[in-house]
Structures are given as C-alpha cells and as structure tokens.
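*Asks:* For reference, the structure I am asking about is given below.
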Amino acid sequence: MLVLITGGAASGKSELAETILCRLADGKPMLYVAAMEPDGEEARRRIARHRALRAGKGFTTLEHAKRFDRMAVPAGYAGALFECMGNALANEMFSPEGAGDGWEQSILAGIDRLCAACPHVVVVTNDIFTDGATYDAWTMRYLHALGVLNQQLAQRADCVVESVFGIAVMRKGTIE
C-alpha cells in the first residue's frame, strides 16, 4: 500500500505519517528514509526534532538524500516512511551529485524500490503552491517539478491524505 501525505508547513504531516505507518506496520520494524541533508543549523534542528518524534517507535533510519535510483533498500521491514519529497527533489535538481534533469526518474525509481521491498510505504510531500507569490525562474522550476511529482505520486498512491493541523483529511482511498 502506498500512502501519500501532503500538507503545508507545520501542518502535522510528519507526525500523521508516522502514526499511519505505525498502525499499518502493526509493531513490526519500519524504515525511515531521511532525505534532508544536514546543511546549516536550521536543518540540524529539524533533523533532531524528527529523530526525537520517532524515538522508540521501531524505526531504523536510512540517510539517503539524492540519487534515489541507486538507493539500496534493506530487507525485512513492514513499512517505510519517505520524508520528505520537497527535500529529495531539491537535492536531485540542484545538488551537483543529484540526478539533475533526471530527477523524476530517480525519485520515482526510489519509491518503486521502497514499494517492492515493503508492503506499506508512506511518502510525505509539501503543499507549497497556495501562497500566491511570484518567484524567480529557478524557484518556479522547482515548484512546477514538485507539482508534477506530487501528481504522479497521487496517481500511484492507494491513499492520499492531507494533513490540516494534524487532522487527516482523506483525498483518495482509505487506509486499511
């Protein structure tokens, strides 16, 4: 089962994703794919916060920030949580070691690898399209790419959930 969780900044989507995967995995080991690179103090604080939130829940962390088409997914996990698509895309598009123009194929191949290895996969993405602001060309390119990626993931997903202040709003399917 592929579940896509979306929501704005500080919407509770990470905690909701963990709760959903913990329920689906039913006490069995889970994999947490961390796509954020620890660049800067703010990133390190966010990483520490997310580690604290999932402490004691049965997650093993796999730090993998780019080239998801080359990601080695270990066996034996009942589920995987991929966090987050916004970081993964930025890393693929803009890092010299990323996939560059091959971002779409790389990220989708990584999600396919997770789905082949784990019966339950939860992907966290961002809703960053509603502020009405106009951005520079690079940012608009990124926003367009994230929109394309979110559409493709939503089409593949069995269930799409929007997190609104931590409340799950079902947009597609149901969670078993």
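By convention in this document, the chains of the structure tokens carry letters A, B, ... by their order, each chain's residues are numbered from 1, and ligands are numbered from 1 in the order they are shown.
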Determine, counting only C-alpha atoms, which protein, DNA and RNA residues have an atom within 9 Å of an atom of Val160 (chain A); residues of the same chain fewer than 3 positions away are not included. Present the result as JSON, numbers by chain.
*Replies:* {"A": [2, 3, 4, 5, 6, 154, 157, 169, 170, 171, 172, 173, 174]}
*Asks:* Quick one: contact table of region 62-160 of chain A to region 28-52 of chain A, 7 Å max, nearest atom pair and distance in Å to one decimal per residue, counting only C-alpha atoms, chain and number order, as a Markdown table?
*Replies:*
```
| residue | atom | partner | partner_atom | distance |
| --- | --- | --- | --- | --- |
| A:Leu62 | CA | A:Val33 | CA | 4.8 |
| A:Glu63 | CA | A:Ala34 | CA | 4.9 |
| A:His64 | CA | A:Ala35 | CA | 5.4 |
| A:Ala65 | CA | A:Ala35 | CA | 4.1 |
| A:Tyr77 | CA | A:Met30 | CA | 5.2 |
| A:Ala78 | CA | A:Met30 | CA | 5.7 |
| A:Gly79 | CA | A:Met30 | CA | 4.9 |
| A:Ala80 | CA | A:Leu31 | CA | 4.5 |
| A:Leu81 | CA | A:Tyr32 | CA | 4.8 |
| A:Phe82 | CA | A:Val33 | CA | 4.8 |
| A:Glu83 | CA | A:Ala34 | CA | 5.5 |
| A:Cys84 | CA | A:Ala35 | CA | 6.0 |
| A:Asn87 | CA | A:Met36 | CA | 5.6 |
| A:Ala88 | CA | A:Ala35 | CA | 5.3 |
```
*Asks:* For the helix (DSSP H, G or I) assignment from backbone DSSP, which residues of region 1-169 of chain A qualify? Please present them as number ranges by chain.
*Replies:* A: 13-25, 41-54, 68-70, 85-94, 100-117, 137-156
*Asks:* Write to file, as a PDB file, in the first residue's frame, the residues of the selection just made, with C-alpha atoms.
*Replies:*
```pdb
ATOM      1  CA  LYS A  13       2.057  15.846   8.294  1.00  0.00           C
ATOM      2  CA  SER A  14       5.200  14.182   9.694  1.00  0.00           C
ATOM      3  CA  GLU A  15       3.533  13.049  12.897  1.00  0.00           C
ATOM      4  CA  LEU A  16       0.464  11.920  10.948  1.00  0.00           C
ATOM      5  CA  ALA A  17       2.679   9.920   8.562  1.00  0.00           C
ATOM      6  CA  GLU A  18       4.419   8.202  11.468  1.00  0.00           C
ATOM      7  CA  THR A  19       1.099   7.392  13.135  1.00  0.00           C
ATOM      8  CA  ILE A  20      -0.317   5.916   9.928  1.00  0.00           C
ATOM      9  CA  LEU A  21       2.757   3.802   9.219  1.00  0.00           C
ATOM     10  CA  CYS A  22       2.986   2.575  12.813  1.00  0.00           C
ATOM     11  CA  ARG A  23      -0.619   1.415  12.557  1.00  0.00           C
ATOM     12  CA  LEU A  24      -0.065  -0.297   9.202  1.00  0.00           C
ATOM     13  CA  ALA A  25       3.178  -1.974  10.331  1.00  0.00           C
ATOM     14  CA  GLU A  41      21.829  24.922  11.908  1.00  0.00           C
ATOM     15  CA  GLU A  42      18.124  25.057  10.960  1.00  0.00           C
ATOM     16  CA  ALA A  43      18.362  21.740   9.092  1.00  0.00           C
ATOM     17  CA  ARG A  44      20.171  20.123  12.016  1.00  0.00           C
ATOM     18  CA  ARG A  45      17.427  21.341  14.399  1.00  0.00           C
ATOM     19  CA  ARG A  46      14.692  19.923  12.159  1.00  0.00           C
ATOM     20  CA  ILE A  47      16.516  16.596  11.868  1.00  0.00           C
ATOM     21  CA  ALA A  48      16.933  16.407  15.655  1.00  0.00           C
ATOM     22  CA  ARG A  49      13.229  17.200  16.152  1.00  0.00           C
ATOM     23  CA  HIS A  50      12.160  14.455  13.732  1.00  0.00           C
ATOM     24  CA  ARG A  51      14.518  11.922  15.360  1.00  0.00           C
ATOM     25  CA  ALA A  52      13.031  12.750  18.768  1.00  0.00           C
ATOM     26  CA  LEU A  53       9.479  12.369  17.417  1.00  0.00           C
ATOM     27  CA  ARG A  54      10.125   8.861  16.128  1.00  0.00           C
ATOM     28  CA  PHE A  68      17.203   7.523  -5.192  1.00  0.00           C
ATOM     29  CA  ASP A  69      17.502   5.339  -8.283  1.00  0.00           C
ATOM     30  CA  ARG A  70      20.660   3.967  -6.611  1.00  0.00           C
ATOM     31  CA  MET A  85       9.656  14.800  -1.174  1.00  0.00           C
ATOM     32  CA  GLY A  86      10.416  18.533  -1.145  1.00  0.00           C
ATOM     33  CA  ASN A  87      13.944  17.942   0.126  1.00  0.00           C
ATOM     34  CA  ALA A  88      14.517  14.954  -2.138  1.00  0.00           C
ATOM     35  CA  LEU A  89      13.511  16.956  -5.202  1.00  0.00           C
ATOM     36  CA  ALA A  90      15.691  19.949  -4.304  1.00  0.00           C
ATOM     37  CA  ASN A  91      18.657  17.636  -3.733  1.00  0.00           C
ATOM     38  CA  GLU A  92      18.118  15.848  -7.054  1.00  0.00           C
ATOM     39  CA  MET A  93      17.588  19.028  -9.062  1.00  0.00           C
ATOM     40  CA  PHE A  94      20.186  21.360  -7.590  1.00  0.00           C
ATOM     41  CA  GLY A 100      19.779  16.888 -12.414  1.00  0.00           C
ATOM     42  CA  ASP A 101      17.282  16.723 -15.243  1.00  0.00           C
ATOM     43  CA  GLY A 102      16.760  13.038 -14.407  1.00  0.00           C
ATOM     44  CA  TRP A 103      15.149  13.967 -11.055  1.00  0.00           C
ATOM     45  CA  GLU A 104      11.781  12.479 -11.958  1.00  0.00           C
ATOM     46  CA  GLN A 105      13.100   9.073 -12.965  1.00  0.00           C
ATOM     47  CA  SER A 106      15.455   8.915  -9.986  1.00  0.00           C
ATOM     48  CA  ILE A 107      12.848   9.747  -7.350  1.00  0.00           C
ATOM     49  CA  LEU A 108      10.136   7.522  -8.808  1.00  0.00           C
ATOM     50  CA  ALA A 109      12.634   4.649  -9.110  1.00  0.00           C
ATOM     51  CA  GLY A 110      13.445   5.084  -5.416  1.00  0.00           C
ATOM     52  CA  ILE A 111       9.776   4.989  -4.463  1.00  0.00           C
ATOM     53  CA  ASP A 112       9.363   1.879  -6.633  1.00  0.00           C
ATOM     54  CA  ARG A 113      12.276   0.247  -4.769  1.00  0.00           C
ATOM     55  CA  LEU A 114      10.631   1.003  -1.428  1.00  0.00           C
ATOM     56  CA  CYS A 115       7.283  -0.369  -2.637  1.00  0.00           C
ATOM     57  CA  ALA A 116       8.946  -3.562  -3.881  1.00  0.00           C
ATOM     58  CA  ALA A 117      10.715  -4.100  -0.542  1.00  0.00           C
ATOM     59  CA  ALA A 137      12.770  31.264 -12.535  1.00  0.00           C
ATOM     60  CA  TRP A 138      14.717  28.626 -10.532  1.00  0.00           C
ATOM     61  CA  THR A 139      12.115  28.552  -7.772  1.00  0.00           C
ATOM     62  CA  MET A 140       9.261  28.388 -10.287  1.00  0.00           C
ATOM     63  CA  ARG A 141      11.036  25.473 -11.996  1.00  0.00           C
ATOM     64  CA  TYR A 142      11.251  23.697  -8.627  1.00  0.00           C
ATOM     65  CA  LEU A 143       7.590  24.412  -7.793  1.00  0.00           C
ATOM     66  CA  HIS A 144       6.476  23.087 -11.176  1.00  0.00           C
ATOM     67  CA  ALA A 145       8.596  19.954 -10.730  1.00  0.00           C
ATOM     68  CA  LEU A 146       7.166  19.312  -7.250  1.00  0.00           C
ATOM     69  CA  GLY A 147       3.659  19.719  -8.657  1.00  0.00           C
ATOM     70  CA  VAL A 148       4.394  17.182 -11.396  1.00  0.00           C
ATOM     71  CA  LEU A 149       5.912  14.782  -8.876  1.00  0.00           C
ATOM     72  CA  ASN A 150       3.001  15.149  -6.456  1.00  0.00           C
ATOM     73  CA  GLN A 151       0.520  14.428  -9.265  1.00  0.00           C
ATOM     74  CA  GLN A 152       2.393  11.285 -10.278  1.00  0.00           C
ATOM     75  CA  LEU A 153       2.644  10.072  -6.693  1.00  0.00           C
ATOM     76  CA  ALA A 154      -1.049  10.778  -6.086  1.00  0.00           C
ATOM     77  CA  GLN A 155      -1.953   8.752  -9.181  1.00  0.00           C
ATOM     78  CA  ARG A 156       0.167   5.808  -7.975  1.00  0.00           C
TER      79      ARG A 156
END
```
*Asks:* Quick one: DSSP strand (DSSP E) residues in chain A, as a PyMOL selection string?
*Replies:* chain A and resi 2-6+30-34+59-63+79-83+120-124+159-164+167-172
*Asks:* Of the residues A:Val121, A:Ala133, A:Ala168, A:Ile128, which is the one nearest to Met1 (chain A), using only C-alpha atoms?
*Replies:*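 Answer, going by the shortest atom-to-atom distance: A:Val121.
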*Asks:* Enter the distance from CA of Ile175 (chain A) to CA of Cys159 (chain A), in Å, rounded to one decimal.
*Replies:*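 Between CA of Ile175 (chain A) and CA of Cys159 (chain A) the gap is 6.6 Å.
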